[in-house]
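This report concerns only the one structure given below.
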Amino acid sequence: MSRGRFTVAASGQRIDDFLRRILELAGLVLRFRLTEAEARDDDFETPNIVVRFSGPDTDLLLSNKAELMLSLEQLTMEMLRMEPDEHSQLQFDANDYRALRIEELRLSALAAADRVKRTKMPFHFNPMNSRERRIIHLALRSEPEVRSESTGMGPQRAVVIYPAGMPASPGVPGRPTFPPRRGGRRR
């Protein structure tokens, strides 16, 4: 599998060196293994490189919705100077967290879609990263009675599910909306 410029052969040693140093400095007792990603039937995530962690500190890595693991993944992407559209080529995982999270998001998307179909009212997810938003969108692609859109900016970007014929609302309830800026500064 050689989609993109990031492969174990091309980037594996740099990733290995970087992670060994970070884990040593952090005092984390973890092992990791770099592998080429296996072909999958779904298209929720299709990385080139998978870094699988194990060891006594795996629970620390996965606590708080895998915040530490995802941070290490982001730092590694920065070290490799990956462009945002290349981020899907690298994936960190431990204890099958990613597969479980994909299933959780997929089921949440389907439950939200059922609610939207029943109530004819939009459903707003909490903000999430681009990979998780993509999973929601993909999970709903074969649901003709609803449509999903990403809304918001930066860390506040979230998914909204609408009934298929409903236009997008101008904002998310509870969040201020501002008219588009024209010239000068807003006062």
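Chain labels follow the order of the structure tokens: the first chain is A, the next B, and so on; residue numbering restarts at 1 in every chain, and ligands are counted from 1 in their shown order.
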For Leu105 (chain A), list every protein, DNA or RNA residue within 12 Å, evaluated using only C-alpha atoms, and leave out those in the same chain fewer than 5 positions away; present the list as number ranges by chain.
A: 44, 98-100, 110-112, 125-126, 128, 131-140, 159
Generate the output file for the selected residues, N, CA, C and O atoms, as an mmCIF file, in the first residue's frame.
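That gives us out.cif:
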```
data_model
loop_
_atom_site.group_PDB
_atom_site.id
_atom_site.type_symbol
_atom_site.label_atom_id
_atom_site.label_comp_id
_atom_site.auth_asym_id
_atom_site.auth_seq_id
_atom_site.Cartn_x
_atom_site.Cartn_y
_atom_site.Cartn_z
ATOM 1 N N PHE A 44 -13.868 4.464 6.521
ATOM 2 C CA PHE A 44 -13.876 5.447 7.590
ATOM 3 C C PHE A 44 -12.480 5.994 7.855
ATOM 4 O O PHE A 44 -12.305 7.184 8.034
ATOM 5 N N ARG A 98 -9.337 3.101 18.185
ATOM 6 C CA ARG A 98 -9.867 3.722 16.960
ATOM 7 C C ARG A 98 -11.073 2.972 16.422
ATOM 8 O O ARG A 98 -12.071 3.577 16.052
ATOM 9 N N ALA A 99 -11.000 1.661 16.356
ATOM 10 C CA ALA A 99 -12.129 0.879 15.843
ATOM 11 C C ALA A 99 -13.354 1.052 16.746
ATOM 12 O O ALA A 99 -14.482 1.196 16.254
ATOM 13 N N LEU A 100 -13.140 1.049 18.047
ATOM 14 C CA LEU A 100 -14.247 1.230 18.983
ATOM 15 C C LEU A 100 -14.845 2.631 18.865
ATOM 16 O O LEU A 100 -16.066 2.804 18.897
ATOM 17 N N LEU A 110 -26.233 7.364 13.473
ATOM 18 C CA LEU A 110 -27.483 6.700 13.075
ATOM 19 C C LEU A 110 -28.617 6.995 14.055
ATOM 20 O O LEU A 110 -29.758 7.225 13.646
ATOM 21 N N ALA A 111 -28.309 7.037 15.350
ATOM 22 C CA ALA A 111 -29.322 7.374 16.354
ATOM 23 C C ALA A 111 -29.784 8.821 16.178
ATOM 24 O O ALA A 111 -30.988 9.117 16.264
ATOM 25 N N ALA A 112 -28.847 9.724 15.923
ATOM 26 C CA ALA A 112 -29.205 11.129 15.699
ATOM 27 C C ALA A 112 -30.044 11.274 14.439
ATOM 28 O O ALA A 112 -31.012 12.048 14.407
ATOM 29 N N PHE A 125 -24.235 17.974 16.996
ATOM 30 C CA PHE A 125 -23.220 17.257 17.768
ATOM 31 C C PHE A 125 -22.316 18.270 18.454
ATOM 32 O O PHE A 125 -22.207 19.425 18.015
ATOM 33 N N ASN A 126 -21.649 17.841 19.494
ATOM 34 C CA ASN A 126 -20.627 18.672 20.115
ATOM 35 C C ASN A 126 -19.453 18.806 19.154
ATOM 36 O O ASN A 126 -19.264 17.958 18.280
ATOM 37 N N MET A 128 -15.973 18.425 17.337
ATOM 38 C CA MET A 128 -15.079 17.267 17.240
ATOM 39 C C MET A 128 -14.043 17.533 16.159
ATOM 40 O O MET A 128 -14.196 18.448 15.346
ATOM 41 N N ARG A 131 -11.364 14.175 11.689
ATOM 42 C CA ARG A 131 -11.518 12.738 11.450
ATOM 43 C C ARG A 131 -12.859 12.240 11.966
ATOM 44 O O ARG A 131 -13.530 11.442 11.329
ATOM 45 N N GLU A 132 -13.253 12.708 13.151
ATOM 46 C CA GLU A 132 -14.519 12.261 13.723
ATOM 47 C C GLU A 132 -15.704 12.840 12.959
ATOM 48 O O GLU A 132 -16.706 12.154 12.755
ATOM 49 N N ARG A 133 -15.591 14.092 12.513
ATOM 50 C CA ARG A 133 -16.669 14.664 11.693
ATOM 51 C C ARG A 133 -16.838 13.862 10.407
ATOM 52 O O ARG A 133 -17.961 13.574 9.984
ATOM 53 N N ARG A 134 -15.731 13.466 9.799
ATOM 54 C CA ARG A 134 -15.788 12.683 8.562
ATOM 55 C C ARG A 134 -16.513 11.354 8.792
ATOM 56 O O ARG A 134 -17.308 10.911 7.960
ATOM 57 N N ILE A 135 -16.271 10.725 9.924
ATOM 58 C CA ILE A 135 -16.930 9.459 10.245
ATOM 59 C C ILE A 135 -18.445 9.661 10.330
ATOM 60 O O ILE A 135 -19.218 8.856 9.810
ATOM 61 N N ILE A 136 -18.881 10.750 10.957
ATOM 62 C CA ILE A 136 -20.311 11.050 11.049
ATOM 63 C C ILE A 136 -20.898 11.215 9.645
ATOM 64 O O ILE A 136 -21.928 10.619 9.300
ATOM 65 N N HIS A 137 -20.225 12.030 8.807
ATOM 66 C CA HIS A 137 -20.710 12.254 7.439
ATOM 67 C C HIS A 137 -20.792 10.936 6.653
ATOM 68 O O HIS A 137 -21.790 10.665 5.978
ATOM 69 N N LEU A 138 -19.758 10.119 6.743
ATOM 70 C CA LEU A 138 -19.746 8.853 6.002
ATOM 71 C C LEU A 138 -20.825 7.896 6.506
ATOM 72 O O LEU A 138 -21.428 7.165 5.722
ATOM 73 N N ALA A 139 -21.066 7.900 7.806
ATOM 74 C CA ALA A 139 -22.077 7.006 8.371
ATOM 75 C C ALA A 139 -23.473 7.349 7.856
ATOM 76 O O ALA A 139 -24.343 6.477 7.790
ATOM 77 N N LEU A 140 -23.671 8.604 7.453
ATOM 78 C CA LEU A 140 -25.002 9.056 7.039
ATOM 79 C C LEU A 140 -25.172 9.164 5.528
ATOM 80 O O LEU A 140 -26.235 9.554 5.053
ATOM 81 N N VAL A 159 -20.719 18.896 13.676
ATOM 82 C CA VAL A 159 -21.622 18.379 12.645
ATOM 83 C C VAL A 159 -23.055 18.653 13.074
ATOM 84 O O VAL A 159 -23.411 18.488 14.239
#
```
Restrict the calculation to only C-alpha atoms, then for each residue of region 90-132 of chain A with any atom at most 12 Å from an atom of region 21-32 of chain A give the closest atom pair and their distance in Å to one decimal, rows by chain and rising residue number, as a Markdown table.
```
| residue | atom | partner | partner_atom | distance |
| --- | --- | --- | --- | --- |
| A:Phe92 | CA | A:Phe32 | CA | 9.5 |
| A:Asp93 | CA | A:Phe32 | CA | 9.4 |
| A:Ala94 | CA | A:Phe32 | CA | 9.1 |
| A:Asn95 | CA | A:Phe32 | CA | 11.8 |
```
Output for the residues just chosen: N, CA, C and O atoms as a short mmCIF file (atom, residue, chain, number, x, y, z; two decimals), in the first residue's frame:
```
data_model
loop_
_atom_site.label_atom_id
_atom_site.label_comp_id
_atom_site.auth_asym_id
_atom_site.auth_seq_id
_atom_site.Cartn_x
_atom_site.Cartn_y
_atom_site.Cartn_z
N PHE A 92 -2.42 6.61 15.11
CA PHE A 92 -1.96 6.01 16.35
C PHE A 92 -3.13 5.25 16.95
O PHE A 92 -4.28 5.70 16.87
N ASP A 93 -2.84 4.11 17.60
CA ASP A 93 -3.90 3.33 18.21
C ASP A 93 -3.34 2.54 19.40
O ASP A 93 -2.14 2.28 19.47
N ALA A 94 -4.25 2.19 20.29
CA ALA A 94 -3.92 1.32 21.43
C ALA A 94 -5.21 0.63 21.85
O ALA A 94 -6.27 1.27 21.90
N ASN A 95 -5.13 -0.65 22.14
CA ASN A 95 -6.30 -1.43 22.58
C ASN A 95 -7.49 -1.27 21.65
O ASN A 95 -8.63 -1.23 22.11
#
```
Mind pulling up the distance from CA of Asn129 (chain A) to CA of Gln89 (chain A)?
15.6 Å
Separation of CA of Gln91 (chain A) from CA of Glu73 (chain A) in Å:
7.1 Å
Atomic separation - CA of Arg106 (chain A) relative to CA of Ala164 (chain A), Å
18.8 Å
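Residues in contact with Pro163 (chain A) at up to 12 Å, not including ones fewer than 4 positions away on its chain and judged by only C-alpha atoms, are Ala112, Ala113, Asp114, Arg115, Val116, Lys117, Arg118, Thr119, Lys120, Met121, Pro122, Phe123, Leu140, Glu143, Pro144, Glu145, Val146, Arg147, Ser148, Glu149, Pro167, Ala168 and Ser169 of chain A.
Taking only C-alpha atoms, the non-local environment of Leu62 (chain A) within 12 Å (same-chain residues fewer than 6 positions away omitted) comprises A:Phe53, A:Ser54, A:Gly55, A:Pro56, A:Leu68, A:Met69, A:Leu70, A:Ser71, A:Leu72, A:Phe92, A:Asp93, A:Ala94, A:Asn95, A:Asp96, A:Tyr97, A:Arg98, A:Arg101.
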Would you write out those residues with N, CA, C and O atoms, as a tab-separated table (two decimals), in the first residue's frame?
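File again.tsv, as written:
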```
chain	number	residue	atom	x	y	z
A	53	PHE	N	0.35	1.13	20.17
A	53	PHE	CA	0.99	1.22	21.48
A	53	PHE	C	0.50	0.11	22.39
A	53	PHE	O	-0.65	-0.32	22.30
A	54	SER	N	1.38	-0.32	23.30
A	54	SER	CA	1.03	-1.28	24.34
A	54	SER	C	1.95	-1.00	25.52
A	54	SER	O	2.91	-0.25	25.41
A	55	GLY	N	1.64	-1.59	26.65
A	55	GLY	CA	2.49	-1.43	27.82
A	55	GLY	C	1.74	-0.91	29.03
A	55	GLY	O	0.55	-0.58	28.94
A	56	PRO	N	2.44	-0.81	30.16
A	56	PRO	CA	1.82	-0.43	31.42
A	56	PRO	C	1.12	0.93	31.41
A	56	PRO	O	0.16	1.13	32.14
A	68	LEU	N	-3.95	12.12	25.20
A	68	LEU	CA	-2.49	12.03	25.09
A	68	LEU	C	-2.07	11.34	23.80
A	68	LEU	O	-1.17	11.80	23.10
A	69	MET	N	-2.74	10.25	23.45
A	69	MET	CA	-2.39	9.54	22.22
A	69	MET	C	-2.60	10.44	21.00
A	69	MET	O	-1.76	10.50	20.11
A	70	LEU	N	-3.72	11.15	20.97
A	70	LEU	CA	-4.00	12.03	19.83
A	70	LEU	C	-3.04	13.21	19.79
A	70	LEU	O	-2.67	13.69	18.71
A	71	SER	N	-2.59	13.66	20.95
A	71	SER	CA	-1.60	14.73	21.00
A	71	SER	C	-0.25	14.24	20.46
A	71	SER	O	0.42	14.96	19.71
A	72	LEU	N	0.15	13.04	20.85
A	72	LEU	CA	1.39	12.46	20.31
A	72	LEU	C	1.29	12.28	18.80
A	72	LEU	O	2.25	12.53	18.07
A	92	PHE	N	-2.42	6.61	15.11
A	92	PHE	CA	-1.96	6.01	16.35
A	92	PHE	C	-3.13	5.25	16.95
A	92	PHE	O	-4.28	5.70	16.87
A	93	ASP	N	-2.84	4.11	17.60
A	93	ASP	CA	-3.90	3.33	18.21
A	93	ASP	C	-3.34	2.54	19.40
A	93	ASP	O	-2.14	2.28	19.47
A	94	ALA	N	-4.25	2.19	20.29
A	94	ALA	CA	-3.92	1.32	21.43
A	94	ALA	C	-5.21	0.63	21.85
A	94	ALA	O	-6.27	1.27	21.90
A	95	ASN	N	-5.13	-0.65	22.14
A	95	ASN	CA	-6.30	-1.43	22.58
A	95	ASN	C	-7.49	-1.27	21.65
A	95	ASN	O	-8.63	-1.23	22.11
A	96	ASP	N	-7.25	-1.15	20.36
A	96	ASP	CA	-8.31	-0.99	19.35
A	96	ASP	C	-9.22	0.21	19.63
A	96	ASP	O	-10.39	0.22	19.28
A	97	TYR	N	-8.67	1.25	20.23
A	97	TYR	CA	-9.43	2.46	20.54
A	97	TYR	C	-10.09	3.03	19.29
A	97	TYR	O	-11.27	3.41	19.30
A	98	ARG	N	-9.34	3.10	18.19
A	98	ARG	CA	-9.87	3.72	16.96
A	98	ARG	C	-11.07	2.97	16.42
A	98	ARG	O	-12.07	3.58	16.05
A	101	ARG	N	-13.99	3.64	18.69
A	101	ARG	CA	-14.48	5.02	18.56
A	101	ARG	C	-15.25	5.20	17.25
A	101	ARG	O	-16.29	5.87	17.22
```
Contacts of region 83-88 of chain A at 12 Å or less, counting only C-alpha atoms, minus same-chain residues fewer than 3 places along, as number ranges by chain?
A: 3-7, 37, 43-50, 70, 73-80, 91-92, 129-132, 134
Residue contacts of Leu34 (chain A) (8 Å, only C-alpha atoms) excluding same-chain residues fewer than 3 positions away, as a PDB file with N, CA, C and O atoms, in the first residue's frame:
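selection_38.pdb, freshly written:
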```pdb
ATOM      1  N   VAL A   8       5.903   3.363   5.953  1.00  0.00           N
ATOM      2  CA  VAL A   8       6.838   2.884   6.975  1.00  0.00           C
ATOM      3  C   VAL A   8       8.262   2.942   6.434  1.00  0.00           C
ATOM      4  O   VAL A   8       9.189   3.364   7.125  1.00  0.00           O
ATOM      5  N   GLY A  12       9.300   5.648   8.679  1.00  0.00           N
ATOM      6  CA  GLY A  12       9.317   4.834   9.886  1.00  0.00           C
ATOM      7  C   GLY A  12      10.447   5.141  10.853  1.00  0.00           C
ATOM      8  O   GLY A  12      10.215   5.249  12.057  1.00  0.00           O
ATOM      9  N   ASP A  16      10.017   6.454  14.638  1.00  0.00           N
ATOM     10  CA  ASP A  16      10.574   5.637  15.714  1.00  0.00           C
ATOM     11  C   ASP A  16      11.498   6.467  16.608  1.00  0.00           C
ATOM     12  O   ASP A  16      11.352   6.467  17.835  1.00  0.00           O
ATOM     13  N   ILE A  49       0.290   4.377   7.569  1.00  0.00           N
ATOM     14  CA  ILE A  49       1.107   3.955   8.704  1.00  0.00           C
ATOM     15  C   ILE A  49       0.226   3.898   9.944  1.00  0.00           C
ATOM     16  O   ILE A  49      -0.483   4.856  10.249  1.00  0.00           O
ATOM     17  N   VAL A  50       0.301   2.785  10.663  1.00  0.00           N
ATOM     18  CA  VAL A  50      -0.385   2.652  11.948  1.00  0.00           C
ATOM     19  C   VAL A  50       0.684   2.429  13.012  1.00  0.00           C
ATOM     20  O   VAL A  50       1.561   1.581  12.848  1.00  0.00           O
ATOM     21  N   VAL A  51       0.611   3.224  14.079  1.00  0.00           N
ATOM     22  CA  VAL A  51       1.503   3.057  15.222  1.00  0.00           C
ATOM     23  C   VAL A  51       0.646   2.518  16.355  1.00  0.00           C
ATOM     24  O   VAL A  51      -0.275   3.183  16.819  1.00  0.00           O
ATOM     25  N   ARG A  52       0.936   1.267  16.774  1.00  0.00           N
ATOM     26  CA  ARG A  52       0.156   0.613  17.830  1.00  0.00           C
ATOM     27  C   ARG A  52       0.973   0.611  19.126  1.00  0.00           C
ATOM     28  O   ARG A  52       2.104   0.128  19.147  1.00  0.00           O
TER      29      ARG A  52
END
```
Write down as a ChimeraX atom specification the residues of region 8-168 of chain A whose backbone DSSP state falls under strand (DSSP E or B).
/A:31-36,49-54,90-94,123-124,146-151,158-163
Can I get the selection written as an mmCIF file, in the first residue's frame, with C-alpha atoms?
```cif
data_model
loop_
_atom_site.group_PDB
_atom_site.id
_atom_site.type_symbol
_atom_site.label_atom_id
_atom_site.label_comp_id
_atom_site.auth_asym_id
_atom_site.auth_seq_id
_atom_site.Cartn_x
_atom_site.Cartn_y
_atom_site.Cartn_z
ATOM 1 C CA ARG A 31 6.061 0.001 23.547
ATOM 2 C CA PHE A 32 5.007 0.742 20.003
ATOM 3 C CA ARG A 33 5.094 -0.947 16.654
ATOM 4 C CA LEU A 34 4.874 0.696 13.238
ATOM 5 C CA THR A 35 3.030 -1.224 10.544
ATOM 6 C CA GLU A 36 1.592 -0.665 7.107
ATOM 7 C CA ILE A 49 1.107 3.955 8.704
ATOM 8 C CA VAL A 50 -0.385 2.652 11.948
ATOM 9 C CA VAL A 51 1.503 3.057 15.222
ATOM 10 C CA ARG A 52 0.156 0.613 17.830
ATOM 11 C CA PHE A 53 0.994 1.217 21.478
ATOM 12 C CA SER A 54 1.035 -1.280 24.340
ATOM 13 C CA LEU A 90 -0.848 8.329 9.927
ATOM 14 C CA GLN A 91 -2.840 6.744 12.729
ATOM 15 C CA PHE A 92 -1.956 6.013 16.347
ATOM 16 C CA ASP A 93 -3.900 3.330 18.214
ATOM 17 C CA ALA A 94 -3.924 1.316 21.426
ATOM 18 C CA PHE A 123 -29.453 17.603 15.665
ATOM 19 C CA HIS A 124 -26.228 19.354 16.727
ATOM 20 C CA VAL A 146 -31.252 13.452 6.302
ATOM 21 C CA ARG A 147 -28.119 15.374 5.384
ATOM 22 C CA SER A 148 -25.125 16.384 7.466
ATOM 23 C CA GLU A 149 -23.027 19.551 7.386
ATOM 24 C CA SER A 150 -20.029 20.759 9.313
ATOM 25 C CA THR A 151 -20.475 24.134 10.944
ATOM 26 C CA ALA A 158 -19.152 20.427 14.690
ATOM 27 C CA VAL A 159 -21.622 18.379 12.645
ATOM 28 C CA VAL A 160 -25.302 19.224 12.299
ATOM 29 C CA ILE A 161 -27.792 16.721 10.894
ATOM 30 C CA TYR A 162 -30.797 18.227 9.098
ATOM 31 C CA PRO A 163 -33.917 16.747 7.581
#
```
